[in-house]
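What follows is the content of model.pdb (PDB, C-alpha atoms).
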```pdb
ATOM      1  CA  MET A 717     -19.924  26.460  40.425  1.00  0.00           C
ATOM      2  CA  THR A 718     -17.945  25.211  37.430  1.00  0.00           C
ATOM      3  CA  VAL A 719     -15.291  23.645  39.653  1.00  0.00           C
ATOM      4  CA  ASP A 720     -17.967  21.789  41.660  1.00  0.00           C
ATOM      5  CA  VAL A 721     -19.398  20.187  38.524  1.00  0.00           C
ATOM      6  CA  THR A 722     -16.080  19.174  36.955  1.00  0.00           C
ATOM      7  CA  LYS A 723     -14.737  17.787  40.258  1.00  0.00           C
ATOM      8  CA  GLU A 724     -17.071  14.799  39.873  1.00  0.00           C
ATOM      9  CA  MET A 725     -16.121  14.135  36.222  1.00  0.00           C
ATOM     10  CA  GLN A 726     -13.498  11.632  35.148  1.00  0.00           C
ATOM     11  CA  PHE A 727     -11.073  12.802  32.472  1.00  0.00           C
ATOM     12  CA  SER A 728      -8.595  10.842  30.383  1.00  0.00           C
ATOM     13  CA  ASP A 729      -6.320  11.610  27.448  1.00  0.00           C
ATOM     14  CA  ALA A 730      -8.146  11.189  24.141  1.00  0.00           C
ATOM     15  CA  PHE A 731      -4.847  10.393  22.388  1.00  0.00           C
ATOM     16  CA  ALA A 732      -1.121  10.815  22.888  1.00  0.00           C
ATOM     17  CA  TYR A 733      -0.002  14.218  21.627  1.00  0.00           C
ATOM     18  CA  ILE A 734       2.809  13.673  19.104  1.00  0.00           C
ATOM     19  CA  ASP A 735       4.970  16.802  19.005  1.00  0.00           C
ATOM     20  CA  ASP A 736       7.115  15.916  15.992  1.00  0.00           C
ATOM     21  CA  GLY A 737       6.489  18.893  13.687  1.00  0.00           C
ATOM     22  CA  VAL A 738       4.461  16.723  11.320  1.00  0.00           C
ATOM     23  CA  GLU A 739       1.398  15.204  13.023  1.00  0.00           C
ATOM     24  CA  HIS A 740       0.129  18.567  14.322  1.00  0.00           C
ATOM     25  CA  GLY A 741       1.816  20.873  11.819  1.00  0.00           C
ATOM     26  CA  VAL A 742       5.309  22.201  11.175  1.00  0.00           C
ATOM     27  CA  LEU A 743       4.957  24.880  13.866  1.00  0.00           C
ATOM     28  CA  SER A 744       3.668  22.518  16.570  1.00  0.00           C
ATOM     29  CA  PRO A 745       6.921  21.694  18.466  1.00  0.00           C
ATOM     30  CA  PHE A 746       6.569  23.528  21.777  1.00  0.00           C
ATOM     31  CA  GLU A 747       8.839  26.529  22.287  1.00  0.00           C
ATOM     32  CA  THR A 748       7.940  29.890  23.762  1.00  0.00           C
ATOM     33  CA  LYS A 749       9.641  32.436  21.524  1.00  0.00           C
ATOM     34  CA  GLU A 750       9.230  35.433  19.226  1.00  0.00           C
ATOM     35  CA  LEU A 751      10.122  35.201  15.562  1.00  0.00           C
ATOM     36  CA  VAL A 752       9.605  37.101  12.340  1.00  0.00           C
ATOM     37  CA  LEU A 753       8.161  35.192   9.409  1.00  0.00           C
ATOM     38  CA  LYS A 754       9.435  36.910   6.274  1.00  0.00           C
ATOM     39  CA  LYS A 755       7.494  37.961   3.192  1.00  0.00           C
ATOM     40  CA  GLY A 756       7.923  35.325   0.460  1.00  0.00           C
ATOM     41  CA  GLU A 757       8.582  32.513   2.965  1.00  0.00           C
ATOM     42  CA  LYS A 758       6.595  29.273   2.598  1.00  0.00           C
ATOM     43  CA  ILE A 759       5.553  27.647   5.859  1.00  0.00           C
ATOM     44  CA  ALA A 760       5.348  24.266   4.106  1.00  0.00           C
ATOM     45  CA  ASP A 761       5.266  22.845   0.578  1.00  0.00           C
ATOM     46  CA  GLY A 762       1.975  23.331  -1.217  1.00  0.00           C
ATOM     47  CA  PHE A 763       0.967  26.497   0.673  1.00  0.00           C
ATOM     48  CA  LYS A 764       1.125  30.034  -0.668  1.00  0.00           C
ATOM     49  CA  PRO A 765       4.110  32.194   0.233  1.00  0.00           C
ATOM     50  CA  LEU A 766       3.593  34.883   2.861  1.00  0.00           C
ATOM     51  CA  ASP A 767       2.690  38.202   1.290  1.00  0.00           C
ATOM     52  CA  THR A 768       3.879  40.278   4.254  1.00  0.00           C
ATOM     53  CA  ASP A 769       6.303  40.071   7.189  1.00  0.00           C
ATOM     54  CA  ILE A 770       4.596  38.735  10.323  1.00  0.00           C
ATOM     55  CA  LYS A 771       5.737  38.802  13.930  1.00  0.00           C
ATOM     56  CA  MET A 772       4.833  35.512  15.608  1.00  0.00           C
ATOM     57  CA  LEU A 773       4.661  35.145  19.383  1.00  0.00           C
ATOM     58  CA  LYS A 774       4.752  31.365  19.747  1.00  0.00           C
ATOM     59  CA  ASP A 775       3.479  29.257  22.659  1.00  0.00           C
ATOM     60  CA  ILE A 776       2.766  32.275  24.834  1.00  0.00           C
ATOM     61  CA  PRO A 777       1.471  31.286  28.294  1.00  0.00           C
ATOM     62  CA  VAL A 778      -1.811  32.797  29.459  1.00  0.00           C
ATOM     63  CA  LYS A 779      -2.755  32.196  33.103  1.00  0.00           C
ATOM     64  CA  LEU A 780      -6.498  31.706  33.662  1.00  0.00           C
ATOM     65  CA  ARG A 781      -8.378  32.717  36.828  1.00  0.00           C
ATOM     66  CA  ASP A 782      -8.056  29.249  38.404  1.00  0.00           C
ATOM     67  CA  GLY A 783      -4.279  29.081  37.821  1.00  0.00           C
ATOM     68  CA  VAL A 784      -4.418  26.857  34.721  1.00  0.00           C
ATOM     69  CA  THR A 785      -2.086  27.966  31.914  1.00  0.00           C
ATOM     70  CA  ILE A 786      -3.130  27.774  28.285  1.00  0.00           C
ATOM     71  CA  TYR A 787      -0.847  28.522  25.346  1.00  0.00           C
ATOM     72  CA  THR A 788      -1.565  30.690  22.354  1.00  0.00           C
ATOM     73  CA  ASP A 789       0.175  31.727  19.166  1.00  0.00           C
ATOM     74  CA  ILE A 790      -0.184  35.414  18.314  1.00  0.00           C
ATOM     75  CA  TYR A 791       0.413  36.730  14.781  1.00  0.00           C
ATOM     76  CA  LEU A 792       1.057  40.464  14.519  1.00  0.00           C
ATOM     77  CA  PRO A 793       1.617  42.950  11.730  1.00  0.00           C
ATOM     78  CA  ILE A 794       5.041  44.599  11.808  1.00  0.00           C
ATOM     79  CA  THR A 795       3.997  47.990  13.163  1.00  0.00           C
ATOM     80  CA  ASN A 796       4.297  50.174  16.242  1.00  0.00           C
ATOM     81  CA  ASP A 797       0.536  50.772  16.153  1.00  0.00           C
ATOM     82  CA  LYS A 798      -1.761  49.030  18.617  1.00  0.00           C
ATOM     83  CA  VAL A 799      -3.956  46.604  16.699  1.00  0.00           C
ATOM     84  CA  PRO A 800      -7.316  44.827  17.154  1.00  0.00           C
ATOM     85  CA  THR A 801      -7.253  41.049  17.606  1.00  0.00           C
ATOM     86  CA  LEU A 802      -9.223  38.261  15.950  1.00  0.00           C
ATOM     87  CA  ILE A 803      -9.480  35.230  18.270  1.00  0.00           C
ATOM     88  CA  ALA A 804      -9.855  31.733  16.810  1.00  0.00           C
ATOM     89  CA  TRP A 805     -11.131  29.820  19.875  1.00  0.00           C
ATOM     90  CA  SER A 806     -11.508  26.065  19.291  1.00  0.00           C
ATOM     91  CA  PRO A 807     -10.118  22.645  20.266  1.00  0.00           C
ATOM     92  CA  TYR A 808      -8.607  22.020  16.805  1.00  0.00           C
ATOM     93  CA  GLY A 809      -4.959  22.789  17.526  1.00  0.00           C
ATOM     94  CA  LYS A 810      -3.385  26.210  17.149  1.00  0.00           C
ATOM     95  CA  SER A 811      -0.536  25.026  14.926  1.00  0.00           C
ATOM     96  CA  ALA A 812      -2.282  22.398  12.825  1.00  0.00           C
ATOM     97  CA  GLY A 813      -2.614  24.350   9.558  1.00  0.00           C
ATOM     98  CA  THR A 814      -0.045  22.134   7.853  1.00  0.00           C
ATOM     99  CA  ALA A 815      -1.055  18.890   9.608  1.00  0.00           C
ATOM    100  CA  PRO A 816      -1.612  15.961   7.218  1.00  0.00           C
ATOM    101  CA  ARG A 817      -5.260  15.581   8.289  1.00  0.00           C
ATOM    102  CA  TYR A 818      -6.089  19.100   7.080  1.00  0.00           C
ATOM    103  CA  LYS A 819      -3.845  19.063   4.008  1.00  0.00           C
ATOM    104  CA  ASN A 820      -5.491  15.814   2.935  1.00  0.00           C
ATOM    105  CA  LEU A 821      -8.994  17.112   3.685  1.00  0.00           C
ATOM    106  CA  PHE A 822      -8.598  20.174   1.468  1.00  0.00           C
ATOM    107  CA  ASN A 823      -7.005  18.078  -1.280  1.00  0.00           C
ATOM    108  CA  MET A 824      -9.900  15.598  -1.059  1.00  0.00           C
ATOM    109  CA  LEU A 825     -12.377  18.487  -1.365  1.00  0.00           C
ATOM    110  CA  GLY A 826     -10.576  19.663  -4.507  1.00  0.00           C
ATOM    111  CA  MET A 827      -9.448  22.926  -2.897  1.00  0.00           C
ATOM    112  CA  GLY A 828      -5.787  22.113  -2.449  1.00  0.00           C
ATOM    113  CA  ASN A 829      -3.791  24.130   0.073  1.00  0.00           C
ATOM    114  CA  GLN A 830      -2.539  27.025  -2.082  1.00  0.00           C
ATOM    115  CA  TRP A 831      -5.408  29.244  -0.868  1.00  0.00           C
ATOM    116  CA  ASN A 832      -3.803  29.761   2.546  1.00  0.00           C
ATOM    117  CA  SER A 833      -0.447  30.366   4.167  1.00  0.00           C
ATOM    118  CA  GLY A 834      -0.326  27.243   6.357  1.00  0.00           C
ATOM    119  CA  LEU A 835      -0.654  29.409   9.474  1.00  0.00           C
ATOM    120  CA  THR A 836      -4.418  28.970   9.322  1.00  0.00           C
ATOM    121  CA  LYS A 837      -5.968  27.089  12.235  1.00  0.00           C
ATOM    122  CA  PHE A 838      -8.749  24.747  11.027  1.00  0.00           C
ATOM    123  CA  GLU A 839     -11.947  26.746  10.278  1.00  0.00           C
ATOM    124  CA  ALA A 840     -10.214  29.972  11.303  1.00  0.00           C
ATOM    125  CA  PRO A 841      -8.912  33.104   9.573  1.00  0.00           C
ATOM    126  CA  ASP A 842      -5.555  33.094   7.795  1.00  0.00           C
ATOM    127  CA  PRO A 843      -3.114  35.207   9.852  1.00  0.00           C
ATOM    128  CA  ALA A 844      -1.207  36.160   6.673  1.00  0.00           C
ATOM    129  CA  TYR A 845      -4.279  37.879   5.239  1.00  0.00           C
ATOM    130  CA  TRP A 846      -5.369  39.605   8.439  1.00  0.00           C
ATOM    131  CA  THR A 847      -1.954  40.836   9.594  1.00  0.00           C
ATOM    132  CA  ARG A 848      -1.536  42.439   6.162  1.00  0.00           C
ATOM    133  CA  HIS A 849      -4.767  44.337   6.908  1.00  0.00           C
ATOM    134  CA  GLY A 850      -3.658  45.557  10.350  1.00  0.00           C
ATOM    135  CA  TYR A 851      -5.062  42.890  12.678  1.00  0.00           C
ATOM    136  CA  ALA A 852      -3.503  40.497  15.158  1.00  0.00           C
ATOM    137  CA  VAL A 853      -4.704  36.883  15.118  1.00  0.00           C
ATOM    138  CA  ALA A 854      -4.713  34.806  18.330  1.00  0.00           C
ATOM    139  CA  ASN A 855      -4.769  31.026  17.921  1.00  0.00           C
ATOM    140  CA  PRO A 856      -5.119  29.574  21.436  1.00  0.00           C
ATOM    141  CA  ASP A 857      -5.042  25.952  22.447  1.00  0.00           C
ATOM    142  CA  MET A 858      -7.929  25.887  24.891  1.00  0.00           C
ATOM    143  CA  ARG A 859      -7.791  24.131  28.259  1.00  0.00           C
ATOM    144  CA  GLY A 860      -6.646  20.504  27.927  1.00  0.00           C
ATOM    145  CA  ILE A 861      -5.566  20.767  24.271  1.00  0.00           C
ATOM    146  CA  ALA A 862      -1.941  20.003  23.251  1.00  0.00           C
ATOM    147  CA  HIS A 863       0.349  21.631  25.868  1.00  0.00           C
ATOM    148  CA  SER A 864      -2.356  23.713  27.562  1.00  0.00           C
ATOM    149  CA  GLU A 865      -3.008  22.581  31.110  1.00  0.00           C
ATOM    150  CA  GLY A 866      -6.263  21.288  32.551  1.00  0.00           C
ATOM    151  CA  ASN A 867      -9.111  19.182  31.238  1.00  0.00           C
ATOM    152  CA  THR A 868     -11.202  20.131  28.232  1.00  0.00           C
ATOM    153  CA  THR A 869     -14.848  20.952  28.781  1.00  0.00           C
ATOM    154  CA  MET A 870     -16.781  22.356  25.854  1.00  0.00           C
ATOM    155  CA  LEU A 871     -19.783  24.653  25.467  1.00  0.00           C
ATOM    156  CA  GLY A 872     -20.202  25.375  29.139  1.00  0.00           C
ATOM    157  CA  SER A 873     -19.412  27.966  31.754  1.00  0.00           C
ATOM    158  CA  GLN A 874     -15.779  26.820  32.138  1.00  0.00           C
ATOM    159  CA  GLU A 875     -15.062  27.450  28.463  1.00  0.00           C
ATOM    160  CA  ALA A 876     -16.847  30.810  28.642  1.00  0.00           C
ATOM    161  CA  GLN A 877     -14.728  31.882  31.621  1.00  0.00           C
ATOM    162  CA  ASP A 878     -11.541  30.768  29.890  1.00  0.00           C
ATOM    163  CA  GLY A 879     -12.428  32.698  26.729  1.00  0.00           C
ATOM    164  CA  TYR A 880     -13.222  35.764  28.836  1.00  0.00           C
ATOM    165  CA  ASP A 881      -9.855  35.487  30.603  1.00  0.00           C
ATOM    166  CA  LEU A 882      -8.022  35.268  27.265  1.00  0.00           C
ATOM    167  CA  ILE A 883      -9.855  38.348  25.955  1.00  0.00           C
ATOM    168  CA  GLU A 884      -8.926  40.284  29.114  1.00  0.00           C
ATOM    169  CA  TRP A 885      -5.294  39.156  28.793  1.00  0.00           C
ATOM    170  CA  ILE A 886      -5.129  40.260  25.146  1.00  0.00           C
ATOM    171  CA  ALA A 887      -6.604  43.677  26.010  1.00  0.00           C
ATOM    172  CA  GLN A 888      -3.717  44.275  28.446  1.00  0.00           C
ATOM    173  CA  GLN A 889      -0.906  43.523  25.993  1.00  0.00           C
ATOM    174  CA  GLY A 890       1.253  46.389  24.730  1.00  0.00           C
ATOM    175  CA  TRP A 891       0.494  45.608  21.075  1.00  0.00           C
ATOM    176  CA  SER A 892      -3.288  45.434  21.619  1.00  0.00           C
ATOM    177  CA  SER A 893      -5.775  48.211  20.890  1.00  0.00           C
ATOM    178  CA  GLY A 894      -8.113  46.496  23.373  1.00  0.00           C
ATOM    179  CA  LYS A 895     -10.554  45.584  20.606  1.00  0.00           C
ATOM    180  CA  THR A 896     -11.191  41.865  20.068  1.00  0.00           C
ATOM    181  CA  ALA A 897     -13.558  39.634  18.112  1.00  0.00           C
ATOM    182  CA  LEU A 898     -14.169  35.895  18.040  1.00  0.00           C
ATOM    183  CA  THR A 899     -14.100  34.625  14.476  1.00  0.00           C
ATOM    184  CA  GLY A 900     -14.250  31.495  12.348  1.00  0.00           C
ATOM    185  CA  THR A 901     -16.778  29.077  10.884  1.00  0.00           C
ATOM    186  CA  SER A 902     -18.812  26.100  12.145  1.00  0.00           C
ATOM    187  CA  LEU A 903     -17.864  25.449  15.818  1.00  0.00           C
ATOM    188  CA  PHE A 904     -16.258  28.900  16.034  1.00  0.00           C
ATOM    189  CA  SER A 905     -19.575  30.519  15.089  1.00  0.00           C
ATOM    190  CA  LEU A 906     -21.447  28.442  17.657  1.00  0.00           C
ATOM    191  CA  VAL A 907     -18.981  29.422  20.373  1.00  0.00           C
ATOM    192  CA  THR A 908     -19.386  33.077  19.411  1.00  0.00           C
ATOM    193  CA  MET A 909     -23.180  32.830  19.626  1.00  0.00           C
ATOM    194  CA  VAL A 910     -23.169  30.916  22.933  1.00  0.00           C
ATOM    195  CA  TYR A 911     -20.677  33.170  24.707  1.00  0.00           C
ATOM    196  CA  CYS A 912     -21.464  36.554  23.262  1.00  0.00           C
ATOM    197  CA  CYS A 913     -25.247  36.569  22.998  1.00  0.00           C
TER     198      CYS A 913
END
```

Just give me the structure of the file as structure tokens.
Amino acid sequence: MTVDVTKEMQFSDAFAYIDDGVEHGVLSPFETKELVLKKGEKIADGFKPLDTDIKMLKDIPVKLRDGVTIYTDIYLPITNDKVPTLIAWSPYGKSAGTAPRYKNLFNMLGMGNQWNSGLTKFEAPDPAYWTRHGYAVANPDMRGIAHSEGNTTMLGSQEAQDGYDLIEWIAQQGWSSGKTALTGTSLFSLVTMVYCC
């Protein structure tokens, strides 16, 4: 049914995606890889240093049921244990924690940026905090956002199916305990209520 509805819609790019490591955050340049972010490292000036080592799985492809591929960043504690995953599902950009628009917003609000590691997706949990407490954090770029394929549709059955597919994918990963939760504020909370209740 979802495909029938979206077939009649006309989609266009909202803006050109600038992948320069500045506009959408220092970690935004696309590259599927695994890296270890070391304790004490600063992701960018003005952010707090990491208080633990973190394994980052960057730009990991996740194939959805209709063949569309979305990309997600996964932050993991350094452990051999299987861990639960917090999912920050939104259209805000998985790597945008150090993007000028968010740095400037928090400065304007008088908060500054020292409260988080710079890995934090807008309105989402800080991976540095949660990995230290034994959780994985998944920051996906939903359908049609950044390098993820397809066209964005929000708050409908297509988004619900995509979120379901991501949850199922996470549950099958070797590092996953199979336990997941959607988390975040504002839009994240609405998505959680719409899709889970």

Nearest residue to A:Ile770 from the set A:Leu802, A:Ala815, A:Ala852, A:Leu743 (distances using all atoms listed in the file):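 Distance minimum relative to A:Ile770 lands on A:Ala852.
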
Residue neighbourhood A:Thr868, 7 Å, all atoms listed in the file, exclusion window fewer than 6 positions, as a PyMOL selection string: chain A and resi 859-861

Separation of atom CA of A:Gly866 from atom CA of A:Gly783, in Å and rounded to one decimal: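 Going from atom CA of A:Gly866 over to atom CA of A:Gly783, I get 9.6 Å.
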
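Among the candidates A:Tyr845, A:Phe822, A:Phe746, A:Tyr880, the residue lying nearest to A:Thr788 is A:Phe746 (atoms considered: all atoms listed in the file).
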
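Taking atom CA of A:Thr748 and atom CA of A:Ile786 as endpoints, the distance between them is 12.1 Å.
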
Proximity to A:Val853 - best of A:Pro807, A:Gly890, A:Gly813, A:Pro793, all atoms listed in the file: A:Pro793

Nearest to A:Asp775, chosen from A:Ala760, A:Leu751, A:Leu898, A:Ile734, with all atoms listed in the file counted in the distances: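 When distances to A:Asp775 are compared using all atoms listed in the file, the smallest one comes from A:Leu751.
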
Residue with smallest distance to A:Pro765 - pool A:Val784, A:Leu835, A:Val799, A:Met870, counting all atoms listed in the file: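 Checking each candidate against A:Pro765, we get A:Leu835 as the closest.
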
All residues 9 Å or closer to stretch 827-833 of chain A, only C-alpha atoms, same chain fewer than 4 positions away omitted, as a list in words: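 Contacts, with the query itself left out: Lys758, Ile759, Ala760, Gly762, Phe763, Lys764, Pro765, Leu766, Asp767, Gly813, Thr814, Tyr818, Lys819, Asn820, Leu821, Phe822, Asn823, Asp842, Pro843, Ala844 and Tyr845 of chain A.
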
Distance criterion (all atoms listed in the file): nearest to A:Lys771 out of A:Tyr808, A:Thr795, A:Glu884, A:Met858: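 Nearest candidate to A:Lys771 out of A:Tyr808, A:Thr795, A:Glu884, A:Met858: A:Thr795.
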
Given the PyMOL selection byres ((chain A and resi 881) around 12), the residues it picks as a list in words: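 Output from the PyMOL selection byres ((chain A and resi 881) around 12), applied to this file: Val778, Lys779, Leu780, Arg781, Asp782, Gly783, Val784, Thr785, Ile786, Pro856, Met858, Arg859, Gln874, Glu875, Ala876, Gln877, Asp878, Gly879, Tyr880, Leu882, Ile883, Glu884, Trp885, Ile886, Ala887 and Gln888 of chain A.
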
Those residues with C-alpha atoms, as a PDB file, in the coordinates of the input please?
```pdb
ATOM      1  CA  VAL A 778      -1.811  32.797  29.459  1.00  0.00           C
ATOM      2  CA  LYS A 779      -2.755  32.196  33.103  1.00  0.00           C
ATOM      3  CA  LEU A 780      -6.498  31.706  33.662  1.00  0.00           C
ATOM      4  CA  ARG A 781      -8.378  32.717  36.828  1.00  0.00           C
ATOM      5  CA  ASP A 782      -8.056  29.249  38.404  1.00  0.00           C
ATOM      6  CA  GLY A 783      -4.279  29.081  37.821  1.00  0.00           C
ATOM      7  CA  VAL A 784      -4.418  26.857  34.721  1.00  0.00           C
ATOM      8  CA  THR A 785      -2.086  27.966  31.914  1.00  0.00           C
ATOM      9  CA  ILE A 786      -3.130  27.774  28.285  1.00  0.00           C
ATOM     10  CA  PRO A 856      -5.119  29.574  21.436  1.00  0.00           C
ATOM     11  CA  MET A 858      -7.929  25.887  24.891  1.00  0.00           C
ATOM     12  CA  ARG A 859      -7.791  24.131  28.259  1.00  0.00           C
ATOM     13  CA  GLN A 874     -15.779  26.820  32.138  1.00  0.00           C
ATOM     14  CA  GLU A 875     -15.062  27.450  28.463  1.00  0.00           C
ATOM     15  CA  ALA A 876     -16.847  30.810  28.642  1.00  0.00           C
ATOM     16  CA  GLN A 877     -14.728  31.882  31.621  1.00  0.00           C
ATOM     17  CA  ASP A 878     -11.541  30.768  29.890  1.00  0.00           C
ATOM     18  CA  GLY A 879     -12.428  32.698  26.729  1.00  0.00           C
ATOM     19  CA  TYR A 880     -13.222  35.764  28.836  1.00  0.00           C
ATOM     20  CA  LEU A 882      -8.022  35.268  27.265  1.00  0.00           C
ATOM     21  CA  ILE A 883      -9.855  38.348  25.955  1.00  0.00           C
ATOM     22  CA  GLU A 884      -8.926  40.284  29.114  1.00  0.00           C
ATOM     23  CA  TRP A 885      -5.294  39.156  28.793  1.00  0.00           C
ATOM     24  CA  ILE A 886      -5.129  40.260  25.146  1.00  0.00           C
ATOM     25  CA  ALA A 887      -6.604  43.677  26.010  1.00  0.00           C
ATOM     26  CA  GLN A 888      -3.717  44.275  28.446  1.00  0.00           C
TER      27      GLN A 888
END
```

Coordinates-based distance that separates atom CA of A:Arg817 from atom CA of A:Thr869 (Å, one decimal): 23.3 Å

Test item: the PyMOL selection byres ((chain A and resi 750) around 10) resolved as a list in words: Glu747, Thr748, Lys749, Leu751, Val752, Leu753, Lys771, Met772, Leu773, Lys774, Asp775, Ile776, Asp789, Ile790 and Tyr791 of chain A

Selection result for the PyMOL selection byres ((chain A and resi 804) around 7) on this file, as a VMD selection string: chain A and resid 802 to 803 805 to 806 840 854 to 856 898 to 900
